[in-house]
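Peer 1: If it helps, the file is called model34.cif and holds mmCIF, N, CA and C atoms:
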```
data_model
loop_
_atom_site.label_atom_id
_atom_site.label_comp_id
_atom_site.auth_asym_id
_atom_site.auth_seq_id
_atom_site.Cartn_x
_atom_site.Cartn_y
_atom_site.Cartn_z
N MET A 11 -33.49 144.01 15.31
CA MET A 11 -32.64 142.86 15.09
C MET A 11 -33.44 141.57 15.20
N ILE A 12 -33.20 140.65 14.31
CA ILE A 12 -33.87 139.35 14.33
C ILE A 12 -33.01 138.38 15.12
N GLU A 13 -33.62 137.63 16.01
CA GLU A 13 -32.89 136.62 16.75
C GLU A 13 -33.80 135.41 16.89
N GLN A 14 -33.32 134.25 16.41
CA GLN A 14 -34.12 133.04 16.47
C GLN A 14 -33.30 131.93 17.09
N GLU A 15 -33.57 131.63 18.37
CA GLU A 15 -32.90 130.54 19.06
C GLU A 15 -33.86 129.97 20.09
N SER A 16 -33.98 128.65 20.13
CA SER A 16 -34.84 128.05 21.13
C SER A 16 -34.07 127.78 22.42
N MET A 17 -32.82 127.38 22.30
CA MET A 17 -31.93 127.17 23.44
C MET A 17 -30.62 127.85 23.09
N THR A 18 -29.82 128.17 24.09
CA THR A 18 -28.52 128.74 23.77
C THR A 18 -27.69 127.67 23.09
N GLU A 19 -26.79 128.12 22.21
CA GLU A 19 -25.93 127.17 21.50
C GLU A 19 -25.12 126.33 22.47
N LYS A 20 -24.64 126.96 23.55
CA LYS A 20 -23.80 126.25 24.51
C LYS A 20 -24.56 125.12 25.19
N ASP A 21 -25.85 125.30 25.45
CA ASP A 21 -26.65 124.27 26.09
C ASP A 21 -26.76 123.02 25.23
N LYS A 22 -26.77 123.18 23.91
CA LYS A 22 -26.96 122.06 23.00
C LYS A 22 -25.64 121.46 22.50
N ARG A 23 -24.53 122.12 22.77
CA ARG A 23 -23.24 121.76 22.19
C ARG A 23 -22.64 120.54 22.87
N LEU A 24 -22.24 119.54 22.09
CA LEU A 24 -21.54 118.37 22.60
C LEU A 24 -20.04 118.54 22.53
N PHE A 25 -19.55 119.35 21.58
CA PHE A 25 -18.13 119.55 21.35
C PHE A 25 -17.78 121.01 21.52
N ASP A 26 -16.61 121.29 22.09
CA ASP A 26 -16.16 122.67 22.25
C ASP A 26 -15.92 123.30 20.89
N ARG A 27 -16.23 124.60 20.80
CA ARG A 27 -15.95 125.36 19.58
C ARG A 27 -14.59 126.02 19.71
N PHE A 28 -13.94 126.23 18.58
CA PHE A 28 -12.70 126.98 18.56
C PHE A 28 -12.81 128.02 17.46
N HIS A 29 -12.15 129.16 17.68
CA HIS A 29 -12.21 130.24 16.70
C HIS A 29 -11.45 129.83 15.45
N ALA A 30 -12.10 130.03 14.32
CA ALA A 30 -11.51 129.68 13.02
C ALA A 30 -11.95 130.73 12.04
N ARG A 31 -11.04 131.50 11.53
CA ARG A 31 -11.39 132.58 10.59
C ARG A 31 -10.77 132.28 9.24
N PHE A 32 -11.61 131.77 8.34
CA PHE A 32 -11.15 131.42 7.01
C PHE A 32 -12.16 131.89 5.98
N PRO A 33 -11.68 132.27 4.79
CA PRO A 33 -12.62 132.65 3.73
C PRO A 33 -13.41 131.44 3.25
N VAL A 34 -14.66 131.68 2.93
CA VAL A 34 -15.59 130.62 2.56
C VAL A 34 -16.41 131.10 1.37
N LYS A 35 -16.95 130.16 0.62
CA LYS A 35 -17.99 130.50 -0.35
C LYS A 35 -19.03 129.40 -0.31
N PHE A 36 -20.23 129.77 -0.73
CA PHE A 36 -21.26 128.75 -0.82
C PHE A 36 -20.84 127.79 -1.92
N ARG A 37 -20.96 126.53 -1.70
CA ARG A 37 -20.37 125.51 -2.57
C ARG A 37 -20.79 125.67 -4.02
N TYR A 38 -22.02 125.99 -4.27
CA TYR A 38 -22.49 126.04 -5.66
C TYR A 38 -22.55 127.47 -6.19
N SER A 39 -21.77 128.35 -5.58
CA SER A 39 -21.75 129.75 -6.00
C SER A 39 -20.50 130.04 -6.82
N ARG A 40 -20.60 130.97 -7.72
CA ARG A 40 -19.43 131.39 -8.50
C ARG A 40 -18.71 132.56 -7.85
N GLU A 41 -19.22 133.02 -6.73
CA GLU A 41 -18.64 134.18 -6.06
C GLU A 41 -17.33 133.80 -5.37
N ASP A 42 -16.45 134.77 -5.21
CA ASP A 42 -15.14 134.55 -4.61
C ASP A 42 -15.24 134.18 -3.14
N TYR A 43 -14.18 133.52 -2.66
CA TYR A 43 -14.08 133.20 -1.24
C TYR A 43 -14.08 134.47 -0.42
N GLY A 44 -14.87 134.49 0.65
CA GLY A 44 -14.85 135.58 1.60
C GLY A 44 -15.60 136.83 1.19
N SER A 45 -16.16 136.87 -0.01
CA SER A 45 -16.85 138.09 -0.42
C SER A 45 -18.25 138.18 0.19
N ASP A 46 -18.91 137.07 0.37
CA ASP A 46 -20.28 137.07 0.92
C ASP A 46 -20.41 136.24 2.19
N VAL A 47 -19.40 135.44 2.51
CA VAL A 47 -19.52 134.55 3.67
C VAL A 47 -18.12 134.30 4.24
N PHE A 48 -18.02 134.23 5.60
CA PHE A 48 -16.74 134.05 6.26
C PHE A 48 -16.93 133.17 7.49
N LEU A 49 -16.15 132.08 7.60
CA LEU A 49 -16.21 131.18 8.75
C LEU A 49 -15.68 131.91 9.98
N ARG A 50 -16.40 131.80 11.10
CA ARG A 50 -16.00 132.47 12.34
C ARG A 50 -15.49 131.50 13.40
N ASP A 51 -16.19 130.39 13.59
CA ASP A 51 -15.72 129.36 14.50
C ASP A 51 -16.34 128.03 14.10
N ALA A 52 -15.80 126.95 14.68
CA ALA A 52 -16.26 125.62 14.29
C ALA A 52 -16.05 124.64 15.44
N SER A 53 -16.75 123.53 15.35
CA SER A 53 -16.56 122.40 16.24
C SER A 53 -16.80 121.15 15.39
N ALA A 54 -16.73 119.99 16.00
CA ALA A 54 -16.98 118.76 15.26
C ALA A 54 -18.44 118.64 14.85
N GLN A 55 -19.30 119.38 15.51
CA GLN A 55 -20.74 119.25 15.28
C GLN A 55 -21.33 120.38 14.43
N GLY A 56 -20.65 121.53 14.37
CA GLY A 56 -21.22 122.64 13.62
C GLY A 56 -20.26 123.80 13.48
N ALA A 57 -20.77 124.89 12.93
CA ALA A 57 -19.93 126.07 12.69
C ALA A 57 -20.79 127.32 12.73
N ARG A 58 -20.11 128.46 12.90
CA ARG A 58 -20.75 129.76 12.80
C ARG A 58 -20.08 130.51 11.66
N PHE A 59 -20.88 131.12 10.81
CA PHE A 59 -20.33 131.93 9.75
C PHE A 59 -21.14 133.21 9.62
N THR A 60 -20.52 134.22 9.03
CA THR A 60 -21.15 135.50 8.79
C THR A 60 -21.38 135.63 7.29
N THR A 61 -22.55 136.13 6.93
CA THR A 61 -22.88 136.23 5.51
C THR A 61 -23.75 137.44 5.22
N THR A 62 -23.70 137.89 3.98
CA THR A 62 -24.59 138.95 3.51
C THR A 62 -25.84 138.35 2.86
N LYS A 63 -25.88 137.02 2.75
CA LYS A 63 -27.03 136.33 2.17
C LYS A 63 -28.06 136.05 3.24
N ARG A 64 -29.30 136.39 2.99
CA ARG A 64 -30.39 136.12 3.95
C ARG A 64 -30.68 134.62 3.95
N MET A 65 -30.72 134.03 5.13
CA MET A 65 -31.00 132.61 5.27
C MET A 65 -32.11 132.44 6.29
N PHE A 66 -32.64 131.23 6.37
CA PHE A 66 -33.75 130.93 7.27
C PHE A 66 -33.45 129.64 8.02
N LEU A 67 -34.12 129.48 9.18
CA LEU A 67 -33.97 128.24 9.95
C LEU A 67 -34.26 127.03 9.08
N HIS A 68 -33.46 126.00 9.25
CA HIS A 68 -33.59 124.70 8.57
C HIS A 68 -33.14 124.73 7.11
N ASP A 69 -32.64 125.87 6.59
CA ASP A 69 -32.08 125.88 5.24
C ASP A 69 -30.89 124.93 5.18
N SER A 70 -30.75 124.20 4.10
CA SER A 70 -29.56 123.39 3.86
C SER A 70 -28.44 124.29 3.37
N VAL A 71 -27.23 124.03 3.86
CA VAL A 71 -26.08 124.86 3.52
C VAL A 71 -24.90 123.96 3.16
N SER A 72 -24.20 124.31 2.09
CA SER A 72 -22.93 123.68 1.73
C SER A 72 -21.90 124.79 1.57
N LEU A 73 -20.85 124.72 2.38
CA LEU A 73 -19.81 125.73 2.35
C LEU A 73 -18.49 125.11 1.89
N MET A 74 -17.73 125.86 1.11
CA MET A 74 -16.37 125.48 0.73
C MET A 74 -15.44 126.41 1.51
N VAL A 75 -14.62 125.84 2.38
CA VAL A 75 -13.72 126.63 3.22
C VAL A 75 -12.33 126.56 2.61
N ASP A 76 -11.75 127.72 2.32
CA ASP A 76 -10.42 127.82 1.74
C ASP A 76 -9.39 127.86 2.86
N LEU A 77 -8.77 126.71 3.14
CA LEU A 77 -7.78 126.62 4.21
C LEU A 77 -6.38 126.81 3.63
N PRO A 78 -5.49 127.45 4.38
CA PRO A 78 -4.15 127.73 3.86
C PRO A 78 -3.17 126.57 4.02
N ASP A 79 -3.65 125.34 3.84
CA ASP A 79 -2.77 124.17 3.97
C ASP A 79 -2.38 123.57 2.62
N GLY A 80 -2.78 124.24 1.54
CA GLY A 80 -2.40 123.77 0.21
C GLY A 80 -3.24 122.61 -0.31
N LYS A 81 -4.20 122.17 0.47
CA LYS A 81 -5.07 121.07 0.04
C LYS A 81 -6.34 121.64 -0.56
N SER A 82 -7.16 120.77 -1.10
CA SER A 82 -8.43 121.22 -1.69
C SER A 82 -9.32 121.82 -0.59
N PRO A 83 -10.27 122.67 -1.00
CA PRO A 83 -11.16 123.29 0.00
C PRO A 83 -11.91 122.24 0.81
N LEU A 84 -12.19 122.60 2.05
CA LEU A 84 -12.95 121.75 2.96
C LEU A 84 -14.43 121.99 2.71
N ILE A 85 -15.20 120.93 2.55
CA ILE A 85 -16.64 121.04 2.30
C ILE A 85 -17.38 120.76 3.61
N LEU A 86 -18.21 121.71 4.01
CA LEU A 86 -19.04 121.57 5.21
C LEU A 86 -20.50 121.58 4.79
N ASN A 87 -21.22 120.53 5.10
CA ASN A 87 -22.64 120.40 4.77
C ASN A 87 -23.46 120.34 6.04
N GLY A 88 -24.55 121.10 6.08
CA GLY A 88 -25.39 121.09 7.26
C GLY A 88 -26.67 121.86 7.05
N ARG A 89 -27.25 122.27 8.17
CA ARG A 89 -28.50 123.04 8.11
C ARG A 89 -28.42 124.18 9.10
N VAL A 90 -29.14 125.24 8.82
CA VAL A 90 -29.18 126.42 9.68
C VAL A 90 -30.00 126.09 10.93
N VAL A 91 -29.38 126.29 12.11
CA VAL A 91 -30.08 126.02 13.37
C VAL A 91 -30.32 127.29 14.18
N TRP A 92 -29.63 128.38 13.86
CA TRP A 92 -29.91 129.68 14.46
C TRP A 92 -29.37 130.77 13.56
N LEU A 93 -29.91 131.99 13.74
CA LEU A 93 -29.41 133.14 12.99
C LEU A 93 -29.64 134.40 13.80
N LYS A 94 -28.74 135.34 13.62
CA LYS A 94 -28.82 136.64 14.30
C LYS A 94 -28.48 137.72 13.30
N SER A 95 -29.30 138.74 13.25
CA SER A 95 -29.01 139.89 12.41
C SER A 95 -27.96 140.74 13.12
N LYS A 96 -26.85 141.03 12.43
CA LYS A 96 -25.78 141.86 13.00
C LYS A 96 -25.90 143.31 12.54
N ALA A 97 -26.42 143.50 11.34
CA ALA A 97 -26.57 144.82 10.72
C ALA A 97 -27.47 144.61 9.51
N PRO A 98 -27.91 145.69 8.89
CA PRO A 98 -28.69 145.48 7.66
C PRO A 98 -27.85 144.67 6.66
N ASN A 99 -28.42 143.60 6.17
CA ASN A 99 -27.77 142.73 5.18
C ASN A 99 -26.50 142.05 5.70
N LEU A 100 -26.44 141.73 7.01
CA LEU A 100 -25.32 140.98 7.56
C LEU A 100 -25.85 140.11 8.70
N TRP A 101 -25.62 138.79 8.60
CA TRP A 101 -26.14 137.84 9.58
C TRP A 101 -25.04 136.90 10.06
N ASP A 102 -25.12 136.55 11.34
CA ASP A 102 -24.37 135.43 11.89
C ASP A 102 -25.29 134.22 11.78
N ILE A 103 -24.76 133.13 11.27
CA ILE A 103 -25.53 131.91 11.05
C ILE A 103 -24.87 130.76 11.80
N GLY A 104 -25.67 130.00 12.53
CA GLY A 104 -25.19 128.78 13.17
C GLY A 104 -25.66 127.60 12.36
N MET A 105 -24.71 126.76 11.96
CA MET A 105 -25.09 125.57 11.20
C MET A 105 -24.68 124.32 11.97
N GLU A 106 -25.52 123.31 11.85
CA GLU A 106 -25.24 122.00 12.42
C GLU A 106 -24.91 121.08 11.26
N PHE A 107 -23.79 120.38 11.35
CA PHE A 107 -23.39 119.47 10.28
C PHE A 107 -24.35 118.29 10.20
N HIS A 108 -24.54 117.77 9.00
CA HIS A 108 -25.40 116.60 8.82
C HIS A 108 -24.83 115.40 9.55
N ARG A 109 -23.49 115.32 9.59
CA ARG A 109 -22.85 114.25 10.36
C ARG A 109 -21.54 114.77 10.91
N VAL A 110 -21.14 114.25 12.06
CA VAL A 110 -19.89 114.67 12.69
C VAL A 110 -18.74 114.06 11.90
N ASN A 111 -17.74 114.90 11.58
CA ASN A 111 -16.57 114.44 10.84
C ASN A 111 -15.33 114.94 11.56
N PHE A 112 -14.71 114.06 12.36
CA PHE A 112 -13.56 114.45 13.16
C PHE A 112 -12.34 114.77 12.29
N MET A 113 -12.23 114.17 11.13
CA MET A 113 -11.09 114.47 10.25
C MET A 113 -11.16 115.91 9.75
N GLN A 114 -12.35 116.38 9.39
CA GLN A 114 -12.51 117.78 8.98
C GLN A 114 -12.16 118.72 10.12
N THR A 115 -12.68 118.41 11.29
CA THR A 115 -12.44 119.25 12.45
C THR A 115 -10.95 119.28 12.78
N GLN A 116 -10.29 118.15 12.71
CA GLN A 116 -8.86 118.07 13.00
C GLN A 116 -8.06 118.93 12.03
N ARG A 117 -8.45 118.95 10.78
CA ARG A 117 -7.75 119.75 9.77
C ARG A 117 -7.81 121.24 10.11
N ILE A 118 -8.98 121.73 10.49
CA ILE A 118 -9.12 123.12 10.89
C ILE A 118 -8.37 123.39 12.19
N PHE A 119 -8.54 122.52 13.18
CA PHE A 119 -7.92 122.71 14.48
C PHE A 119 -6.40 122.75 14.37
N LYS A 120 -5.81 121.90 13.54
CA LYS A 120 -4.36 121.88 13.35
C LYS A 120 -3.86 123.22 12.81
N LEU A 121 -4.58 123.78 11.85
CA LEU A 121 -4.19 125.08 11.30
C LEU A 121 -4.27 126.18 12.36
N ILE A 122 -5.31 126.14 13.18
CA ILE A 122 -5.48 127.12 14.25
C ILE A 122 -4.35 126.98 15.25
N SER A 123 -4.03 125.76 15.65
CA SER A 123 -2.94 125.51 16.61
C SER A 123 -1.61 125.98 16.07
N ASP A 124 -1.34 125.71 14.79
CA ASP A 124 -0.09 126.15 14.16
C ASP A 124 0.01 127.66 14.15
N GLN A 125 -1.11 128.37 13.90
CA GLN A 125 -1.11 129.83 13.89
C GLN A 125 -0.85 130.37 15.28
N ASP A 126 -1.43 129.72 16.30
CA ASP A 126 -1.23 130.17 17.69
C ASP A 126 0.21 129.99 18.14
N ASP A 127 0.89 128.96 17.59
CA ASP A 127 2.27 128.69 17.97
C ASP A 127 3.23 129.73 17.39
N ASN A 128 2.83 130.40 16.33
CA ASN A 128 3.71 131.39 15.68
C ASN A 128 3.56 132.76 16.27
#
```
For the structure just supplied, provide its representation as structure tokens.

Peer 2:
Amino acid sequence: MIEQESMTEKDKRLFDRFHARFPVKFRYSREDYGSDVFLRDASAQGARFTTTKRMFLHDSVSLMVDLPDGKSPLILNGRVVWLKSKAPNLWDIGMEFHRVNFMQTQRIFKLISDQDDN
């Protein structure tokens, strides 16, 4: 298994993460949502996603997250800051956003809170 981390994610985290499971696709890909990449959790500063695509530290990433709120997909832009091999051809990827966007985070958090209330 490949594991590349200089510090634990929790040590570097300024904002709490919350579990968020939504289908995603790479922004410039023609592939369907959730077929190659899936959002696992997020915070105002970054996100974790699982993918079958091999990535490397410092790769730039643009994800389109399909949220069930009837609005256009949420675009998350950032860079790979850690990765872990989960299985052959399956990786957990930690991305740090290029800039903190509380409105994006609030949109995801509201959907998670609404799901927990039901």

Peer 1: Would you write out, as a list in words, every residue that the PyMOL selection byres ((chain A and resi 92) around 5) captures in this file?

Peer 2: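 Applied to this file, the PyMOL selection byres ((chain A and resi 92) around 5) returns Gln14, Val90, Val91, Leu93, Lys94, Ile103 and Gly104 of chain A.
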
Peer 1: Nearest residue to Asp51 of chain A out of A:Arg89, A:Met74, A:Arg31, A:Ser123, using all atoms listed in the file?

Peer 2: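 Nearest candidate to Asp51 of chain A out of A:Arg89, A:Met74, A:Arg31, A:Ser123: A:Arg31.
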
Peer 1: Could you check the closest approach to Phe112 of chain A for each of A:Met65, A:Ala54, A:Leu77, A:Leu84 and tell me which residue wins, using only N, CA and C atoms?

Peer 2: A:Ala54

Peer 1: What gap, in Å, lies between atom CA of Leu100 of chain A and atom CA of Asn87 of chain A?

Peer 2: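 Computing the Euclidean distance for atom CA of Leu100 of chain A and atom CA of Asn87 of chain A yields 20.9 Å.
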
Peer 1: Between atom C of Ser39 of chain A and atom CA of Gln116 of chain A, what distance in Å does the model show, to one decimal?

Peer 2: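 These atoms are spaced 25.9 Å apart.
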
Peer 1: Take atom CA of His68 of chain A and atom CA of Met113 of chain A and report the distance between them in Å, one decimal.

Peer 2: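 Interatomic distance, atom CA of His68 of chain A to atom CA of Met113 of chain A: 24.8 Å.
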
Peer 1: May I ask which of the residues A:Thr62, A:Val71, A:Lys35, A:Asp46 is the closest one to Met105 of chain A, counting all atoms listed in the file?

Peer 2: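 When distances to Met105 of chain A are compared using all atoms listed in the file, the smallest one comes from A:Val71.
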
Peer 1: Output the residue selection produced by the PyMOL selection byres ((chain A and resi 61) around 8) on the file above, formatted as a ChimeraX atom specification.

Peer 2: /A:45-49,58-60,62-65,99-103

Peer 1: What would the selection look like, as a PDB file with N, CA and C atoms, in the frame of the given file, if the PyMOL selection byres ((chain A and resi 33) around 5) were run on the coordinates I just shared?

Peer 2:
```pdb
ATOM      1  N   ARG A  31     -11.040 131.500  11.530  1.00  0.00           N
ATOM      2  CA  ARG A  31     -11.390 132.580  10.590  1.00  0.00           C
ATOM      3  C   ARG A  31     -10.770 132.280   9.240  1.00  0.00           C
ATOM      4  N   PHE A  32     -11.610 131.770   8.340  1.00  0.00           N
ATOM      5  CA  PHE A  32     -11.150 131.420   7.010  1.00  0.00           C
ATOM      6  C   PHE A  32     -12.160 131.890   5.980  1.00  0.00           C
ATOM      7  N   VAL A  34     -14.660 131.680   2.930  1.00  0.00           N
ATOM      8  CA  VAL A  34     -15.590 130.620   2.560  1.00  0.00           C
ATOM      9  C   VAL A  34     -16.410 131.100   1.370  1.00  0.00           C
ATOM     10  N   LYS A  35     -16.950 130.160   0.620  1.00  0.00           N
ATOM     11  CA  LYS A  35     -17.990 130.500  -0.350  1.00  0.00           C
ATOM     12  C   LYS A  35     -19.030 129.400  -0.310  1.00  0.00           C
ATOM     13  N   TYR A  43     -14.180 133.520  -2.660  1.00  0.00           N
ATOM     14  CA  TYR A  43     -14.080 133.200  -1.240  1.00  0.00           C
ATOM     15  C   TYR A  43     -14.080 134.470  -0.420  1.00  0.00           C
ATOM     16  N   GLY A  44     -14.870 134.490   0.650  1.00  0.00           N
ATOM     17  CA  GLY A  44     -14.850 135.580   1.600  1.00  0.00           C
ATOM     18  C   GLY A  44     -15.600 136.830   1.190  1.00  0.00           C
ATOM     19  N   VAL A  75     -14.620 125.840   2.380  1.00  0.00           N
ATOM     20  CA  VAL A  75     -13.720 126.630   3.220  1.00  0.00           C
ATOM     21  C   VAL A  75     -12.330 126.560   2.610  1.00  0.00           C
ATOM     22  N   ASP A  76     -11.750 127.720   2.320  1.00  0.00           N
ATOM     23  CA  ASP A  76     -10.420 127.820   1.740  1.00  0.00           C
ATOM     24  C   ASP A  76      -9.390 127.860   2.860  1.00  0.00           C
TER      25      ASP A  76
END
```
